[in-house]
file upload05.txt (compact mmCIF, C-alpha atoms and all ligand atoms)
# COMPACT_ATOMS: atom_id res chain seq x y z
CA MET A 284 100.30 -62.49 -46.73
CA GLY A 285 101.19 -64.02 -50.11
CA GLU A 286 101.17 -67.70 -50.95
CA ALA A 287 104.05 -70.01 -50.09
CA MET A 288 106.82 -69.52 -52.65
CA LEU A 289 109.56 -71.61 -51.07
CA VAL A 290 108.91 -74.46 -48.66
CA LEU A 291 111.58 -76.33 -46.70
CA GLU A 292 110.51 -79.56 -45.06
CA HIS A 293 112.71 -81.33 -42.52
CA LEU A 294 115.91 -80.39 -44.32
CA THR A 295 119.07 -82.03 -43.00
CA MET A 296 122.60 -81.60 -44.37
CA LYS A 297 125.68 -83.37 -43.04
CA PHE A 298 129.39 -83.13 -43.82
CA GLY A 299 130.77 -86.37 -42.36
CA ASN A 300 129.94 -86.12 -38.66
CA VAL A 301 129.13 -82.40 -38.82
CA VAL A 302 125.38 -81.80 -38.97
CA ALA A 303 125.24 -78.36 -40.64
CA ASN A 304 121.43 -78.27 -40.94
CA GLU A 305 119.18 -80.41 -38.77
CA ASN A 306 115.52 -80.96 -39.56
CA VAL A 307 114.93 -77.36 -40.70
CA SER A 308 111.41 -76.48 -41.84
CA PHE A 309 109.96 -73.09 -42.76
CA GLN A 310 108.35 -71.35 -45.68
CA VAL A 311 108.88 -68.10 -47.53
CA ASN A 312 105.75 -66.32 -48.69
CA GLU A 313 105.35 -64.47 -51.94
CA GLY A 314 106.23 -60.77 -51.67
CA GLU A 315 107.95 -60.85 -48.28
CA ILE A 316 111.49 -60.19 -47.07
CA LEU A 317 112.56 -63.08 -44.87
CA SER A 318 115.88 -62.87 -43.05
CA LEU A 319 117.90 -65.82 -41.93
CA ILE A 320 120.11 -65.03 -38.95
CA GLY A 321 122.29 -66.87 -36.47
CA PRO A 322 125.87 -67.06 -35.17
CA ASN A 323 128.86 -68.07 -37.32
CA GLY A 324 128.64 -71.70 -38.26
CA ALA A 325 124.87 -71.85 -37.60
CA GLY A 326 124.33 -73.33 -41.06
CA LYS A 327 122.94 -70.37 -42.98
CA THR A 328 125.17 -70.64 -46.06
CA THR A 329 124.80 -74.42 -46.11
CA LEU A 330 121.03 -73.97 -46.16
CA PHE A 331 121.39 -71.49 -49.06
CA ASN A 332 123.47 -74.07 -50.92
CA CYS A 333 120.90 -76.81 -50.32
CA ILE A 334 118.03 -74.60 -51.52
CA THR A 335 119.82 -73.39 -54.65
CA GLY A 336 121.16 -76.78 -55.76
CA PHE A 337 124.83 -76.32 -54.88
CA TYR A 338 124.49 -79.12 -52.32
CA ALA A 339 122.14 -82.11 -52.44
CA PRO A 340 120.65 -82.30 -48.94
CA PHE A 341 121.11 -85.46 -46.87
CA SER A 342 117.34 -85.61 -46.31
CA GLY A 343 114.27 -83.41 -46.50
CA LYS A 344 112.54 -81.55 -49.26
CA VAL A 345 112.75 -78.14 -50.94
CA SER A 346 109.81 -76.93 -53.03
CA PHE A 347 109.68 -73.78 -55.12
CA ARG A 348 106.26 -72.60 -56.30
CA GLY A 349 104.85 -76.07 -55.68
CA GLN A 350 107.59 -77.91 -57.56
CA ASN A 351 110.01 -80.28 -55.82
CA ILE A 352 113.50 -78.85 -56.55
CA THR A 353 115.46 -80.97 -54.05
CA GLY A 354 118.85 -81.83 -55.54
CA MET A 355 118.08 -80.14 -58.87
CA ARG A 356 121.05 -78.51 -60.66
CA PRO A 357 121.73 -74.84 -59.80
CA ASN A 358 121.22 -73.48 -63.35
CA LYS A 359 117.91 -75.30 -63.64
CA ILE A 360 116.74 -73.86 -60.32
CA CYS A 361 117.84 -70.42 -61.48
CA LYS A 362 115.85 -70.81 -64.68
CA LEU A 363 112.76 -71.61 -62.61
CA GLY A 364 113.08 -68.14 -61.04
CA LEU A 365 115.20 -68.64 -57.91
CA ALA A 366 118.47 -66.68 -58.01
CA ARG A 367 121.17 -66.10 -55.40
CA THR A 368 124.29 -64.14 -54.61
CA PHE A 369 127.40 -65.49 -52.92
CA GLN A 370 129.02 -64.51 -49.61
CA ILE A 371 132.36 -64.29 -51.40
CA VAL A 372 131.60 -62.10 -54.39
CA LYS A 373 132.20 -63.72 -57.73
CA THR A 374 132.43 -60.62 -59.90
CA LEU A 375 134.09 -61.55 -63.17
CA LYS A 376 137.21 -59.40 -63.03
CA GLU A 377 138.07 -59.29 -66.73
CA MET A 378 134.54 -58.25 -67.67
CA THR A 379 132.87 -54.87 -67.47
CA VAL A 380 129.90 -54.24 -65.21
CA ARG A 381 127.59 -54.49 -68.23
CA GLU A 382 129.16 -57.79 -69.36
CA ASN A 383 128.89 -59.18 -65.83
CA ILE A 384 125.18 -58.40 -65.82
CA LEU A 385 124.77 -59.85 -69.33
CA THR A 386 126.05 -63.23 -68.08
CA GLY A 387 123.00 -63.28 -65.78
CA ALA A 388 120.63 -62.13 -68.53
CA PHE A 389 121.81 -64.95 -70.80
CA LEU A 390 120.46 -67.44 -68.28
CA HIS A 391 117.06 -65.93 -68.98
CA THR A 392 117.30 -65.48 -72.74
CA ARG A 393 119.54 -66.52 -75.62
CA HIS A 394 118.84 -63.37 -77.62
CA MET A 395 121.41 -60.56 -77.46
CA LYS A 396 118.82 -57.85 -78.01
CA GLU A 397 116.65 -59.00 -75.11
CA ALA A 398 119.68 -59.64 -72.87
CA SER A 399 120.97 -56.09 -73.57
CA LYS A 400 117.57 -54.64 -72.73
CA ILE A 401 117.49 -56.56 -69.43
CA ALA A 402 121.06 -55.43 -68.60
CA GLU A 403 120.14 -51.78 -69.22
CA GLU A 404 117.01 -52.04 -67.05
CA ILE A 405 118.89 -53.72 -64.22
CA MET A 406 121.72 -51.17 -64.35
CA VAL A 407 119.16 -48.39 -63.92
CA LEU A 408 117.42 -50.26 -61.08
CA THR A 409 120.69 -50.86 -59.23
CA HIS A 410 122.23 -47.44 -60.04
CA LEU A 411 125.11 -48.95 -61.97
CA GLN A 412 124.50 -47.34 -65.38
CA HIS A 413 127.34 -44.82 -64.99
CA LYS A 414 129.74 -47.68 -64.20
CA ALA A 415 128.66 -49.88 -67.14
CA HIS A 416 132.11 -49.90 -68.76
CA GLN A 417 134.27 -50.30 -65.65
CA LEU A 418 136.10 -53.60 -65.25
CA GLY A 419 135.00 -55.90 -62.42
CA ALA A 420 138.54 -55.91 -61.06
CA ASN A 421 138.52 -52.11 -60.55
CA LEU A 422 135.31 -51.90 -58.52
CA THR A 423 134.97 -51.11 -54.81
CA ILE A 424 133.63 -53.89 -52.58
CA ALA A 425 130.24 -52.12 -52.42
CA ASP A 426 130.01 -51.96 -56.22
CA LYS A 427 131.15 -55.58 -56.57
CA LYS A 428 128.32 -56.60 -54.23
CA ARG A 429 125.89 -54.46 -56.22
CA VAL A 430 127.04 -56.10 -59.50
CA GLU A 431 126.55 -59.48 -57.86
CA ILE A 432 122.95 -58.53 -57.02
CA ALA A 433 122.47 -57.04 -60.51
CA ARG A 434 123.73 -60.22 -62.18
CA ALA A 435 121.30 -62.32 -60.12
CA LEU A 436 118.48 -59.88 -60.95
CA ALA A 437 119.26 -60.16 -64.66
CA THR A 438 118.18 -63.81 -64.51
CA LYS A 439 114.69 -62.36 -63.80
CA PRO A 440 114.04 -64.13 -60.49
CA GLN A 441 110.81 -64.27 -58.54
CA LEU A 442 112.83 -65.14 -55.45
CA LEU A 443 116.24 -63.61 -54.76
CA MET A 444 118.50 -64.94 -52.02
CA LEU A 445 121.24 -62.62 -50.76
CA ASP A 446 124.15 -64.09 -48.77
CA GLU A 447 125.77 -61.32 -46.70
CA ALA A 448 125.32 -58.67 -49.38
CA MET A 449 125.98 -55.93 -46.80
CA ALA A 450 129.14 -57.28 -45.13
CA GLY A 451 132.11 -54.94 -45.45
CA LEU A 452 130.00 -51.93 -46.46
CA ASN A 453 130.06 -48.51 -44.76
CA GLN A 454 126.95 -46.90 -43.22
CA THR A 455 125.93 -45.04 -46.40
CA GLU A 456 126.44 -48.14 -48.54
CA ILE A 457 124.40 -50.22 -46.07
CA LYS A 458 121.59 -47.68 -46.26
CA ASP A 459 121.71 -47.88 -50.08
CA ALA A 460 121.60 -51.68 -49.90
CA MET A 461 118.58 -51.54 -47.54
CA GLU A 462 116.82 -49.19 -49.95
CA LEU A 463 117.58 -51.50 -52.86
CA CYS A 464 116.06 -54.46 -50.97
CA LEU A 465 112.88 -52.49 -50.31
CA LYS A 466 112.77 -51.36 -53.93
CA LEU A 467 113.07 -54.97 -55.12
CA LYS A 468 110.30 -56.03 -52.74
CA LYS A 469 108.09 -53.26 -54.12
CA SER A 470 108.80 -54.47 -57.66
CA GLY A 471 107.32 -57.86 -56.66
CA ILE A 472 110.49 -59.86 -55.92
CA THR A 473 110.49 -62.05 -52.82
CA LEU A 474 113.74 -61.85 -50.83
CA VAL A 475 115.60 -64.17 -48.47
CA ILE A 476 118.50 -62.41 -46.77
CA VAL A 477 121.37 -63.85 -44.74
CA GLU A 478 123.01 -61.04 -42.82
CA HIS A 479 124.80 -60.32 -39.54
CA ILE A 480 124.08 -56.58 -39.46
CA MET A 481 120.94 -56.57 -37.33
CA GLU A 482 120.46 -52.80 -37.51
CA ALA A 483 120.18 -53.15 -41.29
CA ILE A 484 117.93 -56.16 -41.64
CA MET A 485 115.52 -55.88 -38.73
CA PRO A 486 113.85 -52.71 -40.10
CA ILE A 487 113.34 -54.17 -43.58
CA SER A 488 112.37 -57.77 -42.73
CA ASP A 489 108.77 -58.98 -42.60
CA ARG A 490 109.81 -62.17 -40.85
CA VAL A 491 112.99 -63.65 -39.42
CA VAL A 492 114.15 -67.26 -39.04
CA VAL A 493 116.91 -67.94 -36.53
CA LEU A 494 119.35 -70.84 -36.84
CA ASN A 495 121.71 -72.01 -34.13
CA ALA A 496 124.04 -75.01 -34.43
CA GLY A 497 122.13 -76.19 -37.51
CA LYS A 498 118.65 -76.05 -35.95
CA LYS A 499 115.85 -73.53 -36.29
CA ILE A 500 115.41 -72.01 -32.84
CA ALA A 501 112.91 -69.26 -33.62
CA GLU A 502 110.72 -67.78 -36.32
CA GLY A 503 108.58 -64.66 -36.26
CA THR A 504 108.37 -60.95 -36.85
CA PRO A 505 111.55 -58.92 -36.08
CA ASP A 506 109.89 -57.80 -32.81
CA GLU A 507 109.10 -61.34 -31.74
CA VAL A 508 112.58 -62.57 -32.58
CA VAL A 509 114.53 -59.81 -30.78
CA ASN A 510 112.53 -60.53 -27.63
CA HIS A 511 112.96 -64.31 -27.84
CA ASP A 512 115.02 -65.57 -24.88
CA GLN A 513 116.84 -68.32 -26.75
CA VAL A 514 117.75 -65.95 -29.63
CA ILE A 515 119.10 -63.34 -27.22
CA LYS A 516 121.18 -65.99 -25.47
CA ALA A 517 122.46 -67.71 -28.64
CA TYR A 518 123.04 -64.73 -30.87
CA LEU A 519 121.79 -61.22 -30.27
CA GLY A 520 123.10 -60.78 -26.73
CA GLU A 521 121.79 -58.10 -24.44
CA ARG A 522 123.27 -55.31 -26.57
CA TYR A 523 120.91 -55.41 -29.54
CA HIS A 524 118.00 -56.40 -27.28
CA ALA A 525 118.47 -53.43 -24.94
CA LYS A 526 118.94 -51.06 -27.88
CA SER A 527 115.82 -52.23 -29.70
CA LYS A 528 113.77 -51.94 -26.48
CA LYS A 529 114.74 -48.28 -26.21
CA ASN A 530 113.40 -47.49 -29.70
N1 LIG B 601 131.85 -77.91 -47.39
C1 LIG B 601 131.87 -78.17 -46.07
N2 LIG B 601 132.57 -79.23 -45.59
C2 LIG B 601 132.59 -79.51 -44.27
N3 LIG B 601 131.94 -78.79 -43.33
C3 LIG B 601 131.25 -77.72 -43.74
C4 LIG B 601 131.19 -77.34 -45.14
N4 LIG B 601 130.43 -76.22 -45.24
C5 LIG B 601 130.04 -75.90 -44.00
N5 LIG B 601 130.52 -76.80 -43.10
C6 LIG B 601 130.28 -76.79 -41.65
O1 LIG B 601 128.88 -76.70 -41.46
C7 LIG B 601 128.57 -75.81 -40.38
C8 LIG B 601 127.69 -74.68 -40.88
O2 LIG B 601 128.48 -73.79 -41.70
P1 LIG B 601 127.85 -72.58 -42.55
O3 LIG B 601 128.95 -72.00 -43.35
O4 LIG B 601 126.65 -73.05 -43.25
O5 LIG B 601 127.41 -71.56 -41.39
P2 LIG B 601 126.97 -70.04 -41.50
O6 LIG B 601 125.81 -69.91 -40.58
O7 LIG B 601 126.74 -69.69 -42.91
O8 LIG B 601 128.22 -69.26 -40.91
P3 LIG B 601 128.76 -67.76 -41.23
O9 LIG B 601 127.80 -66.83 -40.55
O10 LIG B 601 130.11 -67.77 -40.57
O11 LIG B 601 128.82 -67.60 -42.71
C9 LIG B 601 129.90 -75.37 -39.80
O12 LIG B 601 130.23 -76.22 -38.73
C10 LIG B 601 130.86 -75.56 -40.96
O13 LIG B 601 132.17 -75.79 -40.51
call {"tool": "encode", "arguments": {"input": "upload05.txt", "output": "structure tokens", "more": "lines below"}}
Ligand SMILES: Nc1ncnc2c1ncn2[C@@H]1O[C@H](COP(=O)(O)OP(=O)(O)OP(=O)(O)O)[C@@H](O)[C@H]1O
result
Amino acid sequence: MGEAMLVLEHLTMKFGNVVANENVSFQVNEGEILSLIGPNGAGKTTLFNCITGFYAPFSGKVSFRGQNITGMRPNKICKLGLARTFQIVKTLKEMTVRENILTGAFLHTRHMKEASKIAEEIMVLTHLQHKAHQLGANLTIADKKRVEIARALATKPQLLMLDEAMAGLNQTEIKDAMELCLKLKKSGITLVIVEHIMEAIMPISDRVVVLNAGKKIAEGTPDEVVNHDQVIKAYLGERYHAKSKKN
């Protein structure tokens, strides 16, 4: 197992009286795929926002590669090597696929030549090279999600956090997205994935953290988590449990 890349210590986030994250602690190790699961409203996106600087947590600490990044601005965190995608895709509609990816590359470098080189590499990696000149507005949802990942990758992250990158995709597209995650892991990028499609994330995850009503209720390998009583009750239900037992 690699060294700790991201460490959350007692992280709490409140919106008025709503406690979206309560005393959440876990770590993400270098080179692994860690999935964050839980029912709607469990606090997954809020946690993403606290880690990536979009929210300043109420209390607790976030460290990335040994550095305290709690409350740091999002672009600064991104420059340190922690990139993310958004649940609601933010593809820039008036820009081409290549230009969208360049906006990410310019967070990594100011030089056009280097940014262009990064964009080309990332388009090959994400199989977008033949769509380089299509406008963001004309893309399918699957391609928009892929551009979103590509743009985050162009910032050259060591840790990439994907927020529901597979939602709304068909079976083939989900399989492609799973393959892309494994390819990124192989290239040395650590991944944190928020996803509801268990059939897609369980096979590719090294470890899983489960949130329910803001609290961490379980953490372990996919096998440990799908057999965890509280997780079955709060989220997975008997359906996924019974199915995974059969396999
Ligand atoms: N900006 C906000 N203002 C007020 N309450 C919020 C805000 N963002 C999230 N919440 C509340 O915090 C709780 C956690 O929401 P969050 O979106 O983080 O859950 P989630 O696990 O990502 O859900 P989903 O799976 O539906 O995306 C919910 O009760 C939600 O209503």
call {"tool": "residues_near_ligand", "arguments": {"input": "upload05.txt", "ligand": "ligand LIG 601 (chain B)", "cutoff": "7 Å", "atoms": "only C-alpha atoms and all ligand atoms", "output": "ChimeraX atom specification"}}
result
/A:298,301-303,321-330,497
call {"tool": "residues_around", "arguments": {"input": "upload05.txt", "residues": "Asn421 of chain A", "least_positions_apart": "5", "cutoff": "12 Å", "atoms": "all atoms listed in the file", "output": "PyMOL selection string"}}
result
chain A and resi 374-380+414+416+426-427
call {"tool": "residues_around", "arguments": {"input": "upload05.txt", "residues": "Cys333 of chain A", "least_positions_apart": "5", "cutoff": "12 Å", "atoms": "all atoms listed in the file", "output": "PDB file with C-alpha atoms, in the coordinates of the input"}}
result
ATOM      1  CA  LEU A 291     111.580 -76.330 -46.700  1.00  0.00           C
ATOM      2  CA  GLU A 292     110.510 -79.560 -45.060  1.00  0.00           C
ATOM      3  CA  LEU A 294     115.910 -80.390 -44.320  1.00  0.00           C
ATOM      4  CA  THR A 295     119.070 -82.030 -43.000  1.00  0.00           C
ATOM      5  CA  MET A 296     122.600 -81.600 -44.370  1.00  0.00           C
ATOM      6  CA  LYS A 297     125.680 -83.370 -43.040  1.00  0.00           C
ATOM      7  CA  ALA A 303     125.240 -78.360 -40.640  1.00  0.00           C
ATOM      8  CA  ASN A 304     121.430 -78.270 -40.940  1.00  0.00           C
ATOM      9  CA  VAL A 307     114.930 -77.360 -40.700  1.00  0.00           C
ATOM     10  CA  GLY A 326     124.330 -73.330 -41.060  1.00  0.00           C
ATOM     11  CA  LYS A 327     122.940 -70.370 -42.980  1.00  0.00           C
ATOM     12  CA  THR A 328     125.170 -70.640 -46.060  1.00  0.00           C
ATOM     13  CA  TYR A 338     124.490 -79.120 -52.320  1.00  0.00           C
ATOM     14  CA  ALA A 339     122.140 -82.110 -52.440  1.00  0.00           C
ATOM     15  CA  PRO A 340     120.650 -82.300 -48.940  1.00  0.00           C
ATOM     16  CA  PHE A 341     121.110 -85.460 -46.870  1.00  0.00           C
ATOM     17  CA  SER A 342     117.340 -85.610 -46.310  1.00  0.00           C
ATOM     18  CA  GLY A 343     114.270 -83.410 -46.500  1.00  0.00           C
ATOM     19  CA  LYS A 344     112.540 -81.550 -49.260  1.00  0.00           C
ATOM     20  CA  VAL A 345     112.750 -78.140 -50.940  1.00  0.00           C
ATOM     21  CA  SER A 346     109.810 -76.930 -53.030  1.00  0.00           C
ATOM     22  CA  ILE A 352     113.500 -78.850 -56.550  1.00  0.00           C
ATOM     23  CA  THR A 353     115.460 -80.970 -54.050  1.00  0.00           C
ATOM     24  CA  GLY A 354     118.850 -81.830 -55.540  1.00  0.00           C
ATOM     25  CA  MET A 355     118.080 -80.140 -58.870  1.00  0.00           C
ATOM     26  CA  ARG A 356     121.050 -78.510 -60.660  1.00  0.00           C
ATOM     27  CA  PRO A 357     121.730 -74.840 -59.800  1.00  0.00           C
ATOM     28  CA  ILE A 360     116.740 -73.860 -60.320  1.00  0.00           C
ATOM     29  CA  ARG A 367     121.170 -66.100 -55.400  1.00  0.00           C
TER      30      ARG A 367
END
call {"tool": "closest_residue", "arguments": {"input": "upload05.txt", "among": "A:Gly336, A:Gly387, A:Gly419, A:Gly349", "to": "Val372 of chain A", "atoms": "only C-alpha atoms"}}
result
A:Gly419
call {"tool": "residues_around", "arguments": {"input": "upload05.txt", "residues": "segment 444-459 of chain A", "least_positions_apart": "5", "cutoff": "8 Å", "atoms": "all atoms listed in the file", "output": "JSON, numbers by chain"}}
result
{"A": [328, 331, 365, 366, 367, 368, 369, 370, 424, 425, 428, 432, 474, 475, 476, 477, 478, 479, 480, 483]}
call {"tool": "closest_residue", "arguments": {"input": "upload05.txt", "among": "A:Thr473, A:Met481, A:Val492, A:His410", "to": "Val430 of chain A", "atoms": "only C-alpha atoms"}}
result
A:His410
call {"tool": "atom_distance", "arguments": {"input": "upload05.txt", "atom1": "atom CA of Val491 of chain A", "atom2": "atom CA of Glu507 of chain A"}}
result
8.9 Å
call {"tool": "axis_aligned_box", "arguments": {"input": "upload05.txt", "around": "segment 364-367 of chain A", "padding_each_side": "4 Å", "output": "lines of an AutoDock Vina configuration file"}}
result
center_x = 117.1
center_y = -67.4
center_z = -58.2
size_x = 16.1
size_y = 10.5
size_z = 13.6
call {"tool": "residues_around", "arguments": {"input": "upload05.txt", "residues": "Met288 of chain A", "least_positions_apart": "4", "cutoff": "7 Å", "atoms": "all atoms listed in the file", "output": "list of chain:residue names"}}
result
A:Val311, A:Asn312, A:Glu313, A:Phe347, A:Arg348
call {"tool": "residues_around", "arguments": {"input": "upload05.txt", "residues": "Thr438 of chain A", "least_positions_apart": "3", "cutoff": "12 Å", "atoms": "only C-alpha atoms", "output": "PyMOL selection string"}}
result
chain A and resi 358-368+383-393+397-398+401-402+405+431-435+441-443
call {"tool": "atom_distance", "arguments": {"input": "upload05.txt", "atom1": "atom CA of Met461 of chain A", "atom2": "atom CA of Leu418 of chain A"}}
result
25.0 Å
call {"tool": "closest_residue", "arguments": {"input": "upload05.txt", "among": "A:Leu408, A:Cys464, A:Ile484, A:Ala287", "to": "Gln350 of chain A", "atoms": "only C-alpha atoms"}}
result
A:Ala287
call {"tool": "closest_residue", "arguments": {"input": "upload05.txt", "among": "A:Ala460, A:Ala501, A:Leu519, A:Val509", "to": "Ile487 of chain A", "atoms": "only C-alpha atoms"}}
result
A:Ala460
call {"tool": "closest_residue", "arguments": {"input": "upload05.txt", "among": "A:Thr409, A:Asn351, A:Gln417, A:Ser308", "to": "Arg381 of chain A", "atoms": "only C-alpha atoms"}}
result
A:Gln417
call {"tool": "closest_residue", "arguments": {"input": "upload05.txt", "among": "A:Leu436, A:Val508, A:Met485, A:Ile500", "to": "Leu463 of chain A", "atoms": "only C-alpha atoms"}}
result
A:Leu436
call {"tool": "build_atoms", "arguments": {"input": "upload05.txt", "residues": "segment 328-339 of chain A", "atoms": "N, CA and C atoms", "output": "PDB file, in the frame of the given file"}}
result
ATOM      1  N   THR A 328     124.677 -70.496 -44.684  1.00  0.00           N
ATOM      2  CA  THR A 328     125.170 -70.640 -46.060  1.00  0.00           C
ATOM      3  C   THR A 328     124.917 -72.053 -46.582  1.00  0.00           C
ATOM      4  N   THR A 329     125.073 -73.034 -45.702  1.00  0.00           N
ATOM      5  CA  THR A 329     124.800 -74.420 -46.110  1.00  0.00           C
ATOM      6  C   THR A 329     123.343 -74.556 -46.551  1.00  0.00           C
ATOM      7  N   LEU A 330     122.451 -73.922 -45.803  1.00  0.00           N
ATOM      8  CA  LEU A 330     121.030 -73.970 -46.160  1.00  0.00           C
ATOM      9  C   LEU A 330     120.801 -73.307 -47.530  1.00  0.00           C
ATOM     10  N   PHE A 331     121.458 -72.161 -47.751  1.00  0.00           N
ATOM     11  CA  PHE A 331     121.390 -71.490 -49.060  1.00  0.00           C
ATOM     12  C   PHE A 331     121.821 -72.457 -50.160  1.00  0.00           C
ATOM     13  N   ASN A 332     122.927 -73.149 -49.911  1.00  0.00           N
ATOM     14  CA  ASN A 332     123.470 -74.070 -50.920  1.00  0.00           C
ATOM     15  C   ASN A 332     122.535 -75.243 -51.180  1.00  0.00           C
ATOM     16  N   CYS A 333     121.857 -75.703 -50.141  1.00  0.00           N
ATOM     17  CA  CYS A 333     120.900 -76.810 -50.320  1.00  0.00           C
ATOM     18  C   CYS A 333     119.680 -76.338 -51.109  1.00  0.00           C
ATOM     19  N   ILE A 334     119.221 -75.125 -50.831  1.00  0.00           N
ATOM     20  CA  ILE A 334     118.030 -74.600 -51.520  1.00  0.00           C
ATOM     21  C   ILE A 334     118.323 -74.366 -52.998  1.00  0.00           C
ATOM     22  N   THR A 335     119.524 -73.833 -53.279  1.00  0.00           N
ATOM     23  CA  THR A 335     119.820 -73.390 -54.650  1.00  0.00           C
ATOM     24  C   THR A 335     120.546 -74.449 -55.488  1.00  0.00           C
ATOM     25  N   GLY A 336     120.652 -75.658 -54.970  1.00  0.00           N
ATOM     26  CA  GLY A 336     121.160 -76.780 -55.760  1.00  0.00           C
ATOM     27  C   GLY A 336     122.675 -76.955 -55.747  1.00  0.00           C
ATOM     28  N   PHE A 337     123.374 -76.160 -54.925  1.00  0.00           N
ATOM     29  CA  PHE A 337     124.830 -76.320 -54.880  1.00  0.00           C
ATOM     30  C   PHE A 337     125.228 -77.515 -54.012  1.00  0.00           C
ATOM     31  N   TYR A 338     124.337 -77.877 -53.074  1.00  0.00           N
ATOM     32  CA  TYR A 338     124.490 -79.120 -52.320  1.00  0.00           C
ATOM     33  C   TYR A 338     123.194 -79.922 -52.478  1.00  0.00           C
ATOM     34  N   ALA A 339     123.331 -81.255 -52.522  1.00  0.00           N
ATOM     35  CA  ALA A 339     122.140 -82.110 -52.440  1.00  0.00           C
ATOM     36  C   ALA A 339     121.955 -82.433 -50.971  1.00  0.00           C
TER      37      ALA A 339
END
